[in-house]
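The structure file protein_27.txt is reproduced below (compact mmCIF, C-alpha atoms).
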# COMPACT_ATOMS: atom_id res chain seq x y z
CA MET A 30 -19.37 16.41 -3.46
CA ILE A 31 -15.76 16.33 -4.64
CA GLN A 32 -13.74 13.92 -2.51
CA ALA A 33 -10.02 13.29 -2.07
CA PRO A 34 -8.66 10.68 -4.51
CA LYS A 35 -8.47 7.09 -3.29
CA GLY A 36 -5.35 6.47 -1.24
CA THR A 37 -4.91 10.10 -0.18
CA ARG A 38 -5.94 11.70 3.08
CA ASP A 39 -6.06 14.92 5.08
CA VAL A 40 -4.01 15.33 8.26
CA TYR A 41 -5.21 17.82 10.88
CA GLY A 42 -6.16 18.28 14.53
CA GLU A 43 -4.59 16.08 17.20
CA GLU A 44 -3.03 13.78 14.61
CA MET A 45 -1.19 16.77 13.14
CA LEU A 46 0.29 17.47 16.56
CA ILE A 47 1.70 13.93 16.66
CA TRP A 48 3.23 14.57 13.22
CA HIS A 49 4.84 17.72 14.62
CA LYS A 50 6.22 15.73 17.54
CA ALA A 51 7.72 13.16 15.15
CA GLU A 52 9.22 15.85 12.91
CA THR A 53 10.69 17.69 15.90
CA ALA A 54 12.36 14.48 17.07
CA ILE A 55 13.65 13.83 13.52
CA ARG A 56 15.28 17.25 13.34
CA LYS A 57 16.82 16.80 16.79
CA ILE A 58 18.30 13.35 16.12
CA THR A 59 19.56 14.07 12.59
CA SER A 60 21.24 17.20 13.91
CA SER A 61 23.02 15.24 16.63
CA TYR A 62 24.25 12.81 13.96
CA ASN A 63 25.44 15.76 11.81
CA PHE A 64 23.14 15.04 8.85
CA ASN A 65 22.05 17.86 6.53
CA GLU A 66 18.55 18.21 5.07
CA ILE A 67 17.90 17.88 1.33
CA ARG A 68 14.70 18.44 -0.67
CA THR A 69 14.35 16.96 -4.15
CA PRO A 70 11.61 17.35 -6.81
CA ILE A 71 8.40 15.36 -6.58
CA ILE A 72 8.70 14.59 -10.32
CA GLU A 73 11.77 13.00 -11.86
CA SER A 74 12.73 11.45 -15.18
CA THR A 75 11.12 8.01 -15.44
CA ASP A 76 14.48 6.63 -16.53
CA LEU A 77 15.90 7.43 -13.09
CA PHE A 78 13.63 4.84 -11.50
CA LEU A 79 13.96 2.31 -14.33
CA ARG A 80 17.73 2.34 -13.97
CA GLY A 81 17.93 2.88 -10.21
CA VAL A 82 15.01 1.11 -8.55
CA GLY A 83 14.94 -1.74 -11.09
CA ASP A 84 12.51 -2.79 -13.80
CA THR A 85 11.67 -6.08 -12.01
CA THR A 86 10.36 -4.37 -8.88
CA ASP A 87 6.67 -4.00 -8.08
CA ILE A 88 7.21 -0.24 -7.93
CA VAL A 89 8.33 0.07 -11.54
CA GLN A 90 6.12 -2.68 -12.96
CA LYS A 91 2.83 -1.78 -11.27
CA GLU A 92 2.93 1.23 -8.96
CA MET A 93 4.45 4.31 -10.63
CA TYR A 94 2.43 7.32 -11.72
CA THR A 95 4.05 8.00 -15.11
CA PHE A 96 3.07 10.53 -17.78
CA LEU A 97 4.39 12.43 -20.80
CA ASP A 98 4.81 16.18 -20.35
CA LYS A 99 4.04 18.67 -23.13
CA GLY A 100 7.54 18.20 -24.49
CA GLY A 101 7.02 14.45 -24.83
CA ARG A 102 9.36 13.61 -21.95
CA SER A 103 8.45 10.67 -19.71
CA LEU A 104 8.21 11.82 -16.11
CA SER A 105 7.09 10.03 -12.95
CA LEU A 106 5.88 11.11 -9.56
CA ARG A 107 8.62 9.79 -7.31
CA PRO A 108 7.72 6.39 -5.77
CA GLU A 109 10.69 6.64 -3.39
CA LEU A 110 13.32 9.25 -2.55
CA THR A 111 16.69 7.46 -2.56
CA ALA A 112 17.11 7.52 -6.35
CA GLY A 113 16.36 11.26 -6.47
CA VAL A 114 18.83 11.99 -3.67
CA ALA A 115 21.49 9.93 -5.49
CA ARG A 116 20.75 11.92 -8.67
CA ALA A 117 21.19 15.18 -6.71
CA TYR A 118 24.45 13.85 -5.22
CA ILE A 119 25.83 13.51 -8.76
CA GLU A 120 24.21 16.51 -10.43
CA ARG A 121 24.95 19.04 -7.67
CA GLY A 122 28.58 17.96 -7.27
CA LEU A 123 28.17 16.74 -3.69
CA HIS A 124 30.73 14.04 -4.47
CA ASN A 125 33.34 16.81 -4.72
CA GLN A 126 32.81 17.80 -1.10
CA PRO A 127 34.59 16.14 1.86
CA GLN A 128 33.17 12.63 2.25
CA PRO A 129 31.06 11.06 3.55
CA THR A 130 28.00 13.09 2.50
CA LYS A 131 25.23 12.63 5.09
CA LEU A 132 21.72 13.72 4.10
CA TRP A 133 18.19 13.44 5.48
CA TYR A 134 14.76 14.34 4.14
CA ILE A 135 11.02 14.29 4.69
CA GLY A 136 8.99 14.14 1.49
CA GLN A 137 5.97 12.75 -0.31
CA ASN A 138 6.00 9.58 -2.40
CA PHE A 139 3.35 8.28 -4.78
CA ARG A 140 2.57 4.62 -5.46
CA TYR A 141 -0.48 3.18 -7.18
CA GLU A 142 -1.31 0.36 -4.76
CA ASN A 143 -4.21 -0.67 -2.57
CA PRO A 144 -4.34 1.53 0.54
CA GLN A 145 -3.64 -0.20 3.85
CA ALA A 146 -3.36 0.89 7.46
CA GLY A 147 -0.54 3.43 7.52
CA ARG A 148 0.15 2.99 3.79
CA TYR A 149 -1.38 5.26 1.18
CA ARG A 150 -0.98 6.09 -2.50
CA GLN A 151 0.34 9.47 -1.44
CA HIS A 152 2.48 9.03 1.64
CA TYR A 153 5.23 10.82 3.52
CA GLN A 154 8.62 9.37 4.22
CA PHE A 155 11.53 10.30 6.44
CA GLY A 156 14.86 8.96 5.33
CA VAL A 157 18.63 9.28 5.57
CA GLU A 158 21.34 8.58 2.99
CA VAL A 159 25.11 8.38 3.48
CA PHE A 160 27.39 8.47 0.42
CA GLY A 161 31.12 7.82 0.26
CA SER A 162 31.85 5.15 2.89
CA ASP A 163 32.09 1.38 2.39
CA SER A 164 32.74 0.68 6.08
CA TYR A 165 30.35 -1.45 8.17
CA ALA A 166 30.42 1.49 10.62
CA THR A 167 28.21 3.37 8.15
CA GLU A 168 25.43 0.79 8.45
CA ALA A 169 25.86 0.83 12.22
CA GLU A 170 25.54 4.62 12.32
CA VAL A 171 22.43 4.66 10.13
CA ILE A 172 20.75 1.83 12.07
CA SER A 173 21.59 3.51 15.36
CA LEU A 174 20.09 6.79 14.12
CA GLY A 175 16.78 5.06 13.38
CA TYR A 176 16.87 3.21 16.69
CA THR A 177 17.68 6.40 18.61
CA LEU A 178 14.81 8.23 16.92
CA LEU A 179 12.30 5.54 17.91
CA GLN A 180 13.66 5.63 21.47
CA GLU A 181 13.32 9.43 21.52
CA LEU A 182 9.67 9.09 20.51
CA GLY A 183 9.05 6.49 23.20
CA VAL A 184 8.26 3.71 20.72
CA GLU A 185 8.47 0.29 22.33
CA GLY A 186 8.49 -3.26 21.02
CA VAL A 187 10.34 -2.52 17.77
CA ALA A 188 12.76 -5.22 16.57
CA VAL A 189 15.79 -4.42 14.42
CA THR A 190 16.19 -7.22 11.87
CA ILE A 191 19.33 -7.42 9.72
CA ASN A 192 20.63 -9.58 6.91
CA SER A 193 23.33 -9.57 4.25
CA ILE A 194 22.51 -10.30 0.62
CA GLY A 195 26.18 -10.08 -0.31
CA CYS A 196 27.93 -8.35 -3.18
CA ASN A 197 27.32 -9.06 -6.87
CA ASP A 198 29.86 -11.91 -6.87
CA CYS A 199 28.20 -13.57 -3.86
CA ARG A 200 24.79 -13.29 -5.45
CA LYS A 201 25.93 -14.98 -8.67
CA ALA A 202 26.77 -18.10 -6.70
CA TYR A 203 23.59 -17.80 -4.66
CA HIS A 204 21.42 -17.28 -7.74
CA GLU A 205 22.60 -20.62 -9.08
CA LYS A 206 21.53 -22.41 -5.89
CA LEU A 207 18.27 -20.50 -5.68
CA GLY A 208 17.59 -20.99 -9.39
CA THR A 209 17.87 -24.76 -9.07
CA PHE A 210 15.55 -24.71 -6.05
CA ILE A 211 13.00 -22.51 -7.86
CA GLN A 212 12.95 -24.51 -11.07
CA GLU A 213 11.76 -27.56 -9.14
CA ARG A 214 8.75 -25.53 -7.90
CA LEU A 215 8.26 -22.99 -10.69
CA GLY A 216 4.87 -24.29 -11.76
CA LYS A 217 3.52 -23.79 -8.23
CA LEU A 218 4.61 -20.15 -7.97
CA CYS A 219 2.58 -17.08 -8.98
CA GLY A 220 2.98 -15.44 -12.38
CA LEU A 221 5.05 -12.58 -10.98
CA CYS A 222 7.50 -15.00 -9.34
CA GLN A 223 7.79 -16.93 -12.60
CA THR A 224 8.76 -13.68 -14.34
CA ARG A 225 11.24 -12.80 -11.61
CA ALA A 226 12.82 -16.26 -11.78
CA GLU A 227 14.59 -15.19 -14.96
CA LYS A 228 15.38 -11.54 -14.25
CA ASN A 229 16.04 -11.40 -10.48
CA PRO A 230 15.39 -14.61 -8.51
CA LEU A 231 16.32 -12.94 -5.21
CA ARG A 232 13.15 -10.84 -5.48
CA ILE A 233 11.06 -14.02 -5.31
CA LEU A 234 11.87 -14.25 -1.61
CA ASP A 235 10.04 -10.94 -1.16
CA CYS A 236 6.77 -12.27 -2.66
CA LYS A 237 3.72 -11.66 -0.46
CA ASN A 238 1.63 -14.45 -2.04
CA PRO A 239 0.78 -16.94 0.78
CA ASN A 240 1.18 -19.96 -1.52
CA CYS A 241 4.61 -18.75 -2.68
CA LYS A 242 5.67 -18.23 0.92
CA VAL A 243 4.93 -21.89 1.67
CA GLU A 244 6.74 -23.14 -1.43
CA LEU A 245 9.81 -21.01 -0.65
CA GLU A 246 10.00 -21.88 3.04
CA ASP A 247 13.04 -24.14 2.60
CA ALA A 248 14.81 -21.98 0.01
CA PRO A 249 18.62 -21.80 0.36
CA LEU A 250 19.86 -18.82 2.40
CA VAL A 251 22.02 -16.12 0.91
CA LEU A 252 24.07 -15.97 4.13
CA ASP A 253 25.46 -19.39 3.24
CA SER A 254 26.84 -18.00 -0.04
CA LEU A 255 28.73 -14.96 1.28
CA ASP A 256 32.42 -14.66 0.43
CA GLU A 257 35.02 -13.89 3.10
CA GLU A 258 34.90 -10.12 2.64
CA CYS A 259 31.10 -9.89 2.85
CA THR A 260 31.07 -12.29 5.80
CA ASN A 261 33.59 -10.15 7.70
CA HIS A 262 31.63 -7.00 6.85
CA PHE A 263 28.44 -8.49 8.29
CA GLU A 264 30.15 -9.94 11.38
CA ASN A 265 31.82 -6.60 12.17
CA LEU A 266 28.47 -4.84 11.84
CA LYS A 267 26.91 -7.24 14.34
CA LYS A 268 29.78 -6.66 16.77
CA LEU A 269 29.44 -2.89 16.53
CA LEU A 270 25.66 -2.97 17.05
CA THR A 271 26.28 -5.18 20.09
CA ASN A 272 28.82 -2.66 21.40
CA PHE A 273 26.21 0.08 20.91
CA GLY A 274 23.76 -1.93 23.02
CA ILE A 275 21.26 -2.05 20.16
CA PRO A 276 19.28 -5.32 20.16
CA PHE A 277 18.93 -6.97 16.75
CA VAL A 278 17.88 -10.23 15.12
CA VAL A 279 19.46 -11.80 12.03
CA ASP A 280 16.67 -12.69 9.59
CA PRO A 281 17.93 -14.42 6.41
CA LYS A 282 14.57 -13.77 4.69
CA VAL A 283 14.96 -9.97 4.75
CA VAL A 284 15.88 -8.96 1.19
CA ARG A 285 13.98 -5.65 0.71
CA GLY A 286 12.01 -4.85 -2.42
CA LEU A 287 14.42 -2.73 -4.46
CA ASP A 288 17.07 -3.99 -6.89
CA TYR A 289 19.81 -1.57 -5.85
CA TYR A 290 20.60 -3.11 -2.44
CA THR A 291 23.94 -4.86 -1.77
CA ARG A 292 25.34 -6.48 1.36
CA THR A 293 23.50 -5.22 4.45
CA VAL A 294 19.72 -4.89 4.48
CA PHE A 295 17.65 -4.18 7.57
CA GLU A 296 14.16 -3.40 8.84
CA PHE A 297 12.52 -1.99 11.96
CA ILE A 298 9.43 -4.11 12.73
CA GLU A 299 6.95 -3.42 15.54
CA GLY A 300 5.39 -6.14 17.68
CA GLY A 301 2.33 -6.54 15.48
CA GLY A 302 4.44 -7.24 12.40
CA LEU A 303 4.18 -3.77 10.86
CA THR A 304 7.39 -2.66 9.11
CA VAL A 305 8.11 0.88 10.35
CA ALA A 306 11.31 1.43 8.38
CA GLY A 307 13.72 -0.39 6.11
CA GLY A 308 16.89 0.14 4.18
CA GLY A 309 20.39 -1.05 3.54
CA ARG A 310 23.59 -0.61 1.55
CA TYR A 311 23.42 0.22 -2.15
CA ASP A 312 26.96 0.54 -3.52
CA GLY A 313 25.92 0.32 -7.17
CA LEU A 314 23.11 2.88 -7.41
CA VAL A 315 25.16 6.02 -8.05
CA SER A 316 27.08 4.39 -10.91
CA GLN A 317 23.85 2.92 -12.35
CA ILE A 318 22.40 6.40 -12.82
CA GLY A 319 25.52 7.98 -14.32
CA GLY A 320 27.92 8.76 -11.48
CA ALA A 321 31.20 7.25 -10.35
CA LYS A 322 31.15 4.05 -8.32
CA THR A 323 30.16 5.24 -4.84
CA PRO A 324 29.35 3.23 -1.71
CA ALA A 325 26.15 4.31 0.05
CA VAL A 326 23.74 3.35 2.86
CA GLY A 327 20.30 4.61 3.80
CA PHE A 328 16.80 3.86 5.07
CA GLY A 329 13.26 5.14 4.72
CA MET A 330 10.62 5.43 7.46
CA GLY A 331 6.95 5.98 6.69
CA ILE A 332 5.59 8.92 8.67
CA GLU A 333 1.99 7.64 8.52
CA ARG A 334 3.08 4.28 9.90
CA LEU A 335 5.10 5.94 12.62
CA VAL A 336 2.13 8.09 13.64
CA LEU A 337 -0.15 5.04 13.51
CA LEU A 338 2.24 3.20 15.81
CA LEU A 339 2.26 6.08 18.29
CA GLN A 340 -1.55 6.13 18.25
CA LYS A 341 -1.75 2.35 18.53
CA GLN A 342 0.44 2.42 21.63
CA GLN A 343 -1.98 4.98 23.06
CA GLU A 344 0.59 7.70 22.83
CA ALA A 345 -1.00 10.77 24.40
CA ALA A 346 -1.44 13.36 21.70
CA PRO A 347 0.55 16.48 22.58
CA THR A 348 -1.67 19.47 23.22
CA ASN A 349 -0.98 23.02 22.19
CA PRO A 350 -3.78 25.13 23.74
CA PRO A 351 -3.72 28.92 23.76
CA GLN A 352 -2.07 30.44 26.78
CA ILE A 353 -4.68 33.16 26.92
CA PHE A 354 -8.07 33.97 25.44
CA ILE A 355 -8.88 37.69 25.24
CA GLY A 356 -12.62 38.28 25.29
CA HIS A 357 -14.67 41.44 24.89
CA ALA A 358 -17.89 42.91 26.28
CA GLU A 359 -18.63 45.54 23.61
CA GLU A 360 -17.40 46.82 20.22
CA ALA A 361 -14.54 48.89 21.65
CA GLY A 362 -13.41 45.86 23.64
CA PHE A 363 -13.64 43.74 20.47
CA VAL A 364 -11.15 45.98 18.67
CA LYS A 365 -8.83 46.17 21.68
CA ALA A 366 -8.90 42.39 22.10
CA GLN A 367 -7.61 41.96 18.53
CA GLU A 368 -4.84 44.47 19.19
CA ILE A 369 -3.76 42.80 22.45
CA ALA A 370 -3.80 39.33 20.86
CA TYR A 371 -1.63 40.58 17.99
CA ASN A 372 0.94 42.13 20.34
CA LEU A 373 1.07 39.02 22.54
CA ARG A 374 1.68 36.85 19.47
CA LEU A 375 4.62 39.06 18.54
CA GLN A 376 6.03 38.17 21.96
CA GLY A 377 5.73 34.45 21.14
CA ILE A 378 2.68 33.94 23.37
CA ARG A 379 -0.11 31.69 22.07
CA ALA A 380 -3.05 34.08 22.21
CA GLU A 381 -6.61 33.72 20.92
CA ALA A 382 -9.35 36.34 20.59
CA ASP A 383 -12.96 36.14 19.47
CA ILE A 384 -13.28 37.11 15.78
CA ILE A 385 -16.91 36.05 15.33
CA GLY A 386 -18.72 38.43 17.66
CA ARG A 387 -20.02 36.00 20.28
CA SER A 388 -21.72 36.99 23.51
CA VAL A 389 -19.57 37.05 26.65
CA LYS A 390 -21.15 33.78 27.81
CA ALA A 391 -20.47 32.12 24.45
CA GLN A 392 -16.89 33.41 24.49
CA MET A 393 -16.26 31.80 27.87
CA LYS A 394 -17.69 28.49 26.64
CA PHE A 395 -15.42 28.71 23.62
CA ALA A 396 -12.36 29.47 25.79
CA ASP A 397 -13.16 26.41 27.88
CA LYS A 398 -13.55 24.17 24.81
CA ILE A 399 -10.16 25.17 23.39
CA ASN A 400 -8.54 24.66 26.82
CA ALA A 401 -7.29 28.23 27.16
CA GLN A 402 -5.05 28.48 30.20
CA TYR A 403 -6.10 32.06 31.07
CA THR A 404 -8.89 34.41 30.07
CA ILE A 405 -9.50 38.13 30.32
CA ILE A 406 -12.57 40.13 29.29
CA LEU A 407 -12.22 43.68 27.98
CA GLY A 408 -15.17 46.04 28.46
CA GLY A 409 -15.73 49.75 28.94
CA ASN A 410 -14.34 49.82 32.49
CA GLU A 411 -11.20 47.88 31.51
CA LEU A 412 -10.53 50.18 28.60
CA THR A 413 -10.93 53.27 30.82
CA THR A 414 -8.71 52.06 33.67
CA GLY A 415 -6.26 50.06 31.53
CA LYS A 416 -6.66 47.17 33.97
CA GLY A 417 -8.46 43.82 33.72
CA ILE A 418 -9.03 40.58 35.61
CA LEU A 419 -6.86 37.65 34.46
CA LYS A 420 -8.48 34.33 35.31
CA ASN A 421 -6.66 31.00 35.63
CA MET A 422 -9.10 28.55 34.02
CA ALA A 423 -7.74 25.55 35.91
CA THR A 424 -7.61 26.96 39.47
CA LYS A 425 -10.21 29.74 38.95
CA ALA A 426 -7.77 32.11 40.68
CA GLN A 427 -8.02 35.75 39.55
CA GLN A 428 -5.64 38.68 39.59
CA GLU A 429 -5.77 42.27 38.43
CA VAL A 430 -3.26 43.07 35.67
CA GLN A 431 -2.23 45.96 33.45
CA ILE A 432 -3.78 45.19 30.06
CA ASN A 433 -0.85 46.57 28.08
CA GLU A 434 1.59 44.52 30.17
CA LEU A 435 -0.14 41.16 29.87
CA PHE A 436 2.99 39.65 28.31
CA LYS A 437 4.76 39.93 31.69
CA CYS A 438 2.39 37.28 33.07
CA PHE A 439 3.85 34.71 30.65
CA SER A 440 7.56 35.52 30.81

Conversion result in structure tokens:
Amino acid sequence: MIQAPKGTRDVYGEEMLIWHKAETAIRKITSSYNFNEIRTPIIESTDLFLRGVGDTTDIVQKEMYTFLDKGGRSLSLRPELTAGVARAYIERGLHNQPQPTKLWYIGQNFRYENPQAGRYRQHYQFGVEVFGSDSYATEAEVISLGYTLLQELGVEGVAVTINSIGCNDCRKAYHEKLGTFIQERLGKLCGLCQTRAEKNPLRILDCKNPNCKVELEDAPLVLDSLDEECTNHFENLKKLLTNFGIPFVVDPKVVRGLDYYTRTVFEFIEGGGLTVAGGGRYDGLVSQIGGAKTPAVGFGMGIERLVLLLQKQQEAAPTNPPQIFIGHAEEAGFVKAQEIAYNLRLQGIRAEADIIGRSVKAQMKFADKINAQYTIILGGNELTTGKGILKNMATKAQQEVQINELFKCFS
């Protein structure tokens, strides 16, 4: 038997209905925040991720699906969407429009990593990106959008954690402090951290190795190396989030896993420690991939993790049963049932009809299993008189109705 590749999965049934609920909420909240949807290609030039995401990240070093096309060009399945959206911002001339440019998306990412709960090699991500504003109010708006979405979905127990990793100038000073600290412990760190110590020491703080976590417990904090401008930016953000009434925690260990972040970084973490979403400011990304220097802020939220969280909190799966099941008692009724179902569907009514040829008894069992709200059986008498008996499956109440005017019962 041919099976789905490792790290991929099928979504259907009640879980699919929860996905629909999440996507409906996403469209509602992004609309209220005046964000516009964008869809970018699943494949991009590999160089986009080398230059944008960073060649010291786990994504680029270990997780990308990269291949040469028939023209010898190196392409990659996108491991994240921000770089592609930034590329579209430049290539499609969005920077020439009134700023800021506010975009949102839902799309698939691909990363070669060990599957975990709510994390797969092929996974879906919702995200937002704002280009063209260097104000702390931009971070506040993006964080509030994510918080509002989780509130809309009824998600509880999620903590907003924020930090500032400063600008490039701040990080130069911090890297010196961190470098000295790391050199004293370098031999005790994992091979990946030893490699990062030269190229990007800040990334060491993001290491998941338990031994490294212990060794780095007393590492100097980047917050202590912020200059006046970055400090004011972060303090003003905290004040605005407080004014919004959004609870948050400052966590100096939040650095995120991508090289393009500057200043503010943040995460949404649920009570069990699962990171639902994360993002931050990335003022250098657009210029790194060929555009003009452009401030930007965004975040990504894993749809699978969001759905897992809703299921974990025993979120009742939304149901979408047919409003009516049209059954039949003979061949003429079978044909008429299909016709009536078709016409009801044109009226926006969720209608179901037997297309297998079951007995009347089997049809009623089927209608009960799919939780049909009403049923009607069409036989010779109903076709002659043009009238049938509509049955409420919950109350068992019955009423005579005109078959060709069934839609009036649901208006």

**Study point:** Nearest to Gly175 (chain A), chosen from A:Pro350, A:Gly362, A:Gly327, A:Gly208, with only C-alpha atoms counted in the distances
**Key:** A:Gly327

Practice item. Please provide as a list in words all residues within 8 Å of region 225-230 of chain A, with the sequence filter that same-chain residues fewer than 2 positions apart are discarded (counting all atoms listed in the file). Key: Thr85, His204, Leu207, Gly208, Ile211, Leu221, Cys222, Gln223, Arg232, Ile233 and Leu234 of chain A

Review point. Using all atoms listed in the file, which residues sit within 9 Å of region 49-55 of chain A once same-chain residues fewer than 2 positions away are excluded, as a VMD selection string?
Key: chain A and resid 44 to 47 57 to 60 135 155 178 to 179 181 to 182 332 335 to 336 347

Point to revise | Separation of CA of Val40 (chain A) from CA of Gln392 (chain A) in Å | key: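 We find that CA of Gln392 (chain A) and CA of Val40 (chain A) lie 27.5 Å from each other.
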
With region 294-305 of chain A as the partner and 10 Å as the cut-off, tabulate the residues of region 150-253 of chain A that qualify, each row holding the nearest pair of atoms and their distance in Å to one decimal, using all atoms listed in the file, sorted by chain and rising number, as a tab-separated table.
residue	atom	partner	partner_atom	distance
A:Glu168	CA	A:Val294	CA	9.0
A:Ile172	CA	A:Phe295	CA	8.1
A:Gly175	CA	A:Phe297	CA	8.4
A:Tyr176	CA	A:Phe297	CA	8.3
A:Leu179	CA	A:Phe297	CA	9.6
A:Val184	CA	A:Glu299	CA	8.9
A:Glu185	CA	A:Glu299	CA	7.9
A:Gly186	CA	A:Gly300	CA	5.4
A:Val187	CA	A:Glu299	CA	4.2
A:Ala188	CA	A:Ile298	CA	5.2
A:Val189	CA	A:Phe297	CA	4.8
A:Thr190	CA	A:Glu296	CA	5.3
A:Ile191	CA	A:Phe295	CA	4.2
A:Asn192	CA	A:Val294	CA	5.4
A:Ser193	CA	A:Val294	CA	5.9
A:Ile194	CA	A:Val294	CA	7.2
A:Gly195	CA	A:Val294	CA	9.6

Point to revise | A:Ala112, A:Ala426, A:Ile384, A:Ala358 ranked by distance to Ile406 (chain A), top pick (using all atoms listed in the file) | key: A:Ala358

Check your understanding: A:Gly417, A:Gly274, A:Pro351, A:Gly307: which is nearest Gln154 (chain A), counting all atoms listed in the file?
Key ->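 Nearest candidate to Gln154 (chain A) out of A:Gly417, A:Gly274, A:Pro351, A:Gly307: A:Gly307.
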
Quick one: axis-aligned box around all listed atoms of region 424-439 of chain A, 5 Å on every side, centre and edge lengths in Å to one decimal, written as lines of an AutoDock Vina configuration file.
center_x = -2.7
center_y = 36.8
center_z = 34.4
size_x = 25.0
size_y = 29.6
size_z = 22.6

Review point. Nearest to Leu270 (chain A) among A:Ile378, A:Leu79, A:Ala166, A:Leu252, with distances taken over all atoms listed in the file: which residue is it?
Key: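 Closest candidate: A:Ala166.
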
Point to revise | Nearest-residue call for Arg80 (chain A), choices A:Val114, A:Val315, A:Ala306, A:Cys219, using only C-alpha atoms | key: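 Of A:Val114, A:Val315, A:Ala306, A:Cys219, the one nearest Arg80 (chain A), counting only C-alpha atoms, is A:Val315.
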
Review point. So how far away is CA of Val171 (chain A) from CA of Phe263 (chain A), in Å?
Key: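 Result for CA of Phe263 (chain A) versus CA of Val171 (chain A): 14.6 Å, one decimal.
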
Practice item. Counting all atoms listed in the file, select every polymer residue within 8 Å of (-4.1, 49.0, 36.0) as defined in the file's coordinates, and provide the selection as number ranges by chain. Key: A: 414-417, 429-432

Review point. For the point (-9.7, 40.7, 18.1) in file coordinates, what residues are within 10 Å, counting all atoms listed in the file? Give the answer as a list in words?
Key: Ile355, Gly356, His357, Gly362, Phe363, Val364, Lys365, Ala366, Gln367, Glu368, Ile369, Ala370, Tyr371, Glu381, Ala382, Asp383, Ile384, Ile385 and Gly386 of chain A

Practice item. Compile the contact shell of region 119-122 of chain A as a list in words: residues with an atom at most 12 Å away, counting only C-alpha atoms, same-chain residues fewer than 2 positions apart removed. Key: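 The neighbour list is Ile67, Thr69, Ala112, Gly113, Val114, Ala115, Arg116, Ala117, His124, Asn125, Gln126, Pro127, Gln128, Thr130, Phe160, Gly161, Leu314, Val315, Ser316, Gln317, Ile318, Gly319, Gly320, Ala321, Lys322 and Thr323 of chain A.
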
**Study point:** Residue with smallest distance to Arg107 (chain A) - pool A:Tyr311, A:Phe78, A:Phe210, A:Phe328, counting all atoms listed in the file
**Key:**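 Closest residue, counting all atoms listed in the file: A:Phe78.
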
**Study point:** Test item: residues at most 12 Å from Asn240 (chain A), only C-alpha atoms, excluding those fewer than 2 positions along its chain, as a PyMOL selection string
**Key:** chain A and resi 214-220+222+236-238+242-246

Practice item. Give me, please, the distance in Å between CA of Asn138 (chain A) and CA of Lys91 (chain A), quoted to one decimal. Key: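 Going from CA of Asn138 (chain A) over to CA of Lys91 (chain A) covers 14.8 Å.
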